[in-house]
Amino acid sequence: MRKLLPFMKKYVGYAILSPVLMILEVVADIIIPYLMSLIVDVGIKNQDIDFIVKAGLLMVASAIIAMVFGILSAHCGARAGFGFASEIRKAAFTKIQSFSFANLDQFTASSLITRLTNDCNTIGQVTMMSLRMAIRAPFLMLFALIMSATINASLARVFAITIPITVFFIVVGIMKATPLFKEMQTRVDRVNAIIQENLTGIRVVKSFNRQDYEERKFKERNDALRNTALKAISLIILIMPLLNIIIYSTIIAVLWFGGQQVAAGTMGDGELISFITYITQIMISLMMISMFFLQFMRGTASVSRIMEILNTESEIKEASDPVRELKDGSVRFNNVSFCYPGSQEKTLKNINFGIESGEILGIIGSTGSSKSTLVQLIPRLYDVTEGSVAVGGIDVREYDIEALRDQVAFVLQKNTLFSGTLRENMRWGNEDATDEQIIRALKQAQAWEFVSKYDDGLDYRVEQGGENFSGGQKQRLTIARALIKSPKIIILDDSTSAVDMTTDAKIQHAFKEELGHITTIIIAQRISSVQHADRIIAMNEGEIESIGDHNTLLKLSPIYREIYESQQKGVVGQ
């Protein structure tokens, strides 16, 4: 928690005020049993109505004051605790945005979601409890012990036995529960993972009629979470009756010995009543301390999971004095090899080639030939393991990352649109884009033909993930969004696979005729998508097999020729 304390800066006033108010509430609560003993031993004993009324009014006033201080303390504690958690959540989210693809590969999406929601909420709750319960319980116990000793020092010796026994059970319970709370967080990750996977692929699940299978998978993980939670809760449930037994045993002992003192006239009836009330307060304090430490252990697990995010350094490091402007869209791969983090196997091997600014380059190859990995090195989504990648004649590692990625537009295989309007989605490429610029980009991507038919036009609503668009429509919209950036380099990673061949041809024509100043790299499975490129790279198992134009590769590249012939047979067969 010490490492996270800087995030409390905005809420330090609430963090100080909450425990101060809590101590004042405890003082008011402690006074009430003492006033009650005076009413019995003085007021009732002497039949002094005025004294009873005055003491009773003081009791009511103390209760009201305690209530007010308690409410204010709860408000300040909640503001400090959950404000603290919100700052941590914000910092963790910001940190995730800076992660490289290699960093993102270390965490699952479901785990990150759990950490930003469940774990941050737990930290907020523990912080609030630290400012309130962790202050109230020890002070209540301390003041109650002092008042008990003041009333009857000999009778207060009973706590020398009961408190150590109580502490023993609490410590054992905490030691047993801590690993279970840590395991619970892992179980929550696994449940969230299967929920996310199922909801993302719900259409596939239904089309294959696999609901029963998915329900069994979910039940298995859900039951594992339930069983772990029950084990942890069972320990808490077991502690509570043990503490109650200790409380009642203490009360019985006090009634026995205290009753003898009352009979002997050495202790007043009211003093005995208030003493028993202080016993209850002391034992309740110990129960609160046990509950706090159990929650604190759970919070410790959450803190460690958040710190894993905050302590993760991006694999992508910027130069101390980075270059902030790309001269042109030329690209050069110099003896590039690449291994994914944690792997010794080279995914790319000895890649050497160059692309002139404004050139259209096609990349084709079988599945698993590392086509996507190759182009992800250009905007530094990953860094090379060996060699270098240069853009505009400068190693990409010398650039300011934001400046580099602003000039490299990437249309990924998985097309993602965000909830909002079409205009809002298009402005991801350029926040200041005018409607005319958006429409021009939509026309170049062959998307205006269906967007223009919407009554709302650019105000047409996009559902989460773009579920209200077909695969081909989403691909065209994401291409348009990339074009609005006016980049020097655009990379289309199999981003026209769901588009019909006629529309694909129109898109390629627009790139060649209207966007000749942009370096264009097209990864495709279809020969028709790349055959008009200035040059084409045929890849095989992470290596460049051949480079040339369409006709050259038909003669020299067995891989390219095989793909071409298989697709031609498919066309003829149709």
# chains A, B, ... in the order shown; residues from 1 in each chain; ligands from 1

$ closest_atom_pairs --of "range 447-530 of chain A" --to "range 536-557 of chain A" --cutoff "10 Å" --atoms "only C-alpha atoms" --output "JSON lines"
{"residue": "A:Ile521", "atom": "CA", "partner": "A:Ile536", "partner_atom": "CA", "distance": 9.5}
{"residue": "A:Ile522", "atom": "CA", "partner": "A:Ile536", "partner_atom": "CA", "distance": 9.1}
{"residue": "A:Ile523", "atom": "CA", "partner": "A:Ile537", "partner_atom": "CA", "distance": 9.5}
{"residue": "A:Ile527", "atom": "CA", "partner": "A:His550", "partner_atom": "CA", "distance": 8.8}
{"residue": "A:Ser528", "atom": "CA", "partner": "A:His550", "partner_atom": "CA", "distance": 10.0}
{"residue": "A:Val530", "atom": "CA", "partner": "A:Ile536", "partner_atom": "CA", "distance": 7.0}

$ residues_around --residues "range 97-103 of chain A" --least-positions-apart "4" --cutoff "10 Å" --atoms "only C-alpha atoms" --output "ChimeraX atom specification"
/A:91-93,107,309,312-317,340-342,376,380-383

$ write_last_selection --atoms "N, CA, C and O atoms" --output "compact mmCIF listing (two decimals), in the first residue's frame"
# COMPACT_ATOMS: atom_id res chain seq x y z
N ALA A 91 -4.52 5.16 -13.26
CA ALA A 91 -3.09 4.98 -13.51
C ALA A 91 -2.81 3.63 -14.17
O ALA A 91 -1.99 3.53 -15.09
N ALA A 92 -3.51 2.58 -13.71
CA ALA A 92 -3.32 1.24 -14.29
C ALA A 92 -3.80 1.22 -15.73
O ALA A 92 -3.15 0.63 -16.61
N PHE A 93 -4.95 1.86 -15.99
CA PHE A 93 -5.48 1.92 -17.37
C PHE A 93 -4.50 2.66 -18.27
O PHE A 93 -4.23 2.23 -19.40
N PHE A 107 -0.48 -10.65 -20.17
CA PHE A 107 -1.74 -10.64 -19.42
C PHE A 107 -2.89 -11.02 -20.35
O PHE A 107 -2.92 -10.62 -21.51
N ILE A 309 0.84 -4.66 -12.84
CA ILE A 309 0.59 -3.79 -14.00
C ILE A 309 1.48 -2.56 -13.93
O ILE A 309 2.17 -2.21 -14.89
N THR A 312 5.17 -3.14 -14.57
CA THR A 312 5.55 -3.68 -15.88
C THR A 312 6.04 -2.55 -16.78
O THR A 312 5.32 -1.59 -17.03
N GLU A 313 7.27 -2.65 -17.20
CA GLU A 313 7.84 -1.64 -18.09
C GLU A 313 7.62 -2.05 -19.54
O GLU A 313 7.78 -3.21 -19.89
N SER A 314 7.24 -1.08 -20.34
CA SER A 314 7.00 -1.37 -21.76
C SER A 314 8.27 -1.88 -22.42
O SER A 314 9.38 -1.40 -22.13
N GLU A 315 8.10 -2.88 -23.27
CA GLU A 315 9.23 -3.41 -24.02
C GLU A 315 9.76 -2.36 -25.00
O GLU A 315 10.91 -2.43 -25.43
N ILE A 316 8.91 -1.41 -25.36
CA ILE A 316 9.29 -0.37 -26.32
C ILE A 316 9.86 0.82 -25.56
O ILE A 316 9.17 1.47 -24.79
N LYS A 317 11.14 1.11 -25.77
CA LYS A 317 11.81 2.22 -25.11
C LYS A 317 12.06 3.34 -26.13
O LYS A 317 12.49 3.08 -27.25
N TYR A 340 9.37 -13.93 -30.61
CA TYR A 340 8.37 -13.44 -29.67
C TYR A 340 8.93 -13.56 -28.25
O TYR A 340 9.73 -14.47 -27.97
N PRO A 341 8.55 -12.64 -27.36
CA PRO A 341 9.06 -12.68 -25.98
C PRO A 341 8.83 -14.03 -25.33
O PRO A 341 7.75 -14.61 -25.43
N GLY A 342 9.87 -14.56 -24.71
CA GLY A 342 9.78 -15.85 -24.04
C GLY A 342 10.07 -17.03 -24.94
O GLY A 342 10.08 -18.17 -24.49
N GLN A 376 4.16 -5.58 -38.36
CA GLN A 376 3.99 -5.01 -37.03
C GLN A 376 5.28 -4.40 -36.49
O GLN A 376 5.25 -3.63 -35.53
N ARG A 380 6.49 -0.21 -34.68
CA ARG A 380 7.02 -0.64 -33.37
C ARG A 380 5.94 -1.20 -32.46
O ARG A 380 5.92 -0.91 -31.27
N LEU A 381 5.05 -1.99 -33.00
CA LEU A 381 4.15 -2.74 -32.13
C LEU A 381 4.96 -3.82 -31.43
O LEU A 381 4.63 -4.22 -30.31
N TYR A 382 6.00 -4.30 -32.10
CA TYR A 382 7.05 -5.11 -31.50
C TYR A 382 8.39 -4.50 -31.94
O TYR A 382 8.45 -3.79 -32.95
N ASP A 383 9.44 -4.79 -31.20
CA ASP A 383 10.79 -4.39 -31.61
C ASP A 383 11.53 -5.59 -32.17
O ASP A 383 11.32 -6.72 -31.72

$ residues_around --residues "Ile276 in chain A" --least-positions-apart "6" --cutoff "9 Å" --atoms "only C-alpha atoms" --output "PyMOL selection string"
chain A and resi 148+250-251+254-255

$ residues_around --residues "Ile65 in chain A" --least-positions-apart "3" --cutoff "10 Å" --atoms "only C-alpha atoms" --output "list in words"
Leu24, Glu25, Val27, Ala28, Asp29, Met59, Val60, Ala61, Ser62, Val68, Phe69, Gly70 and Ile71 of chain A

$ closest_residue --among "A:Ile306, A:Ile202, A:Met184, A:Ile484" --to "Ala433 in chain A" --atoms "only C-alpha atoms"
A:Ile484

$ residues_around --residues "Tyr460 in chain A" --least-positions-apart "4" --cutoff "6 Å" --atoms "only C-alpha atoms" --output "PyMOL selection string"
chain A and resi 421-422+456

$ write_last_selection --atoms "C-alpha atoms" --output "JSON list (two decimals), in the first residue's frame"
[["chain", "number", "residue", "atom", "x", "y", "z"],
["A", 421, "THR", "CA", -21.63, 7.49, -34.32],
["A", 422, "LEU", "CA", -19.88, 6.86, -37.62],
["A", 456, "ASP", "CA", -28.68, 9.63, -40.33]]

$ select_by_dssp --residues "range 334-393 of chain A" --states "strand (DSSP E or B)" --output "ChimeraX atom specification"
/A:334-338,348-355,360-365,386-391

$ closest_residue --among "A:Leu235, A:Ile518, A:Ile31, A:Val188" --to "Arg221 in chain A" --atoms "only C-alpha atoms"
A:Val188

$ closest_residue --among "A:Val408, A:Ala109, A:Leu155, A:Ile282" --to "Ile194 in chain A" --atoms "only C-alpha atoms"
A:Ala109

$ closest_residue --among "A:Val53, A:Leu326, A:Leu294, A:Leu17" --to "Ile401 in chain A" --atoms "only C-alpha atoms"
A:Leu326
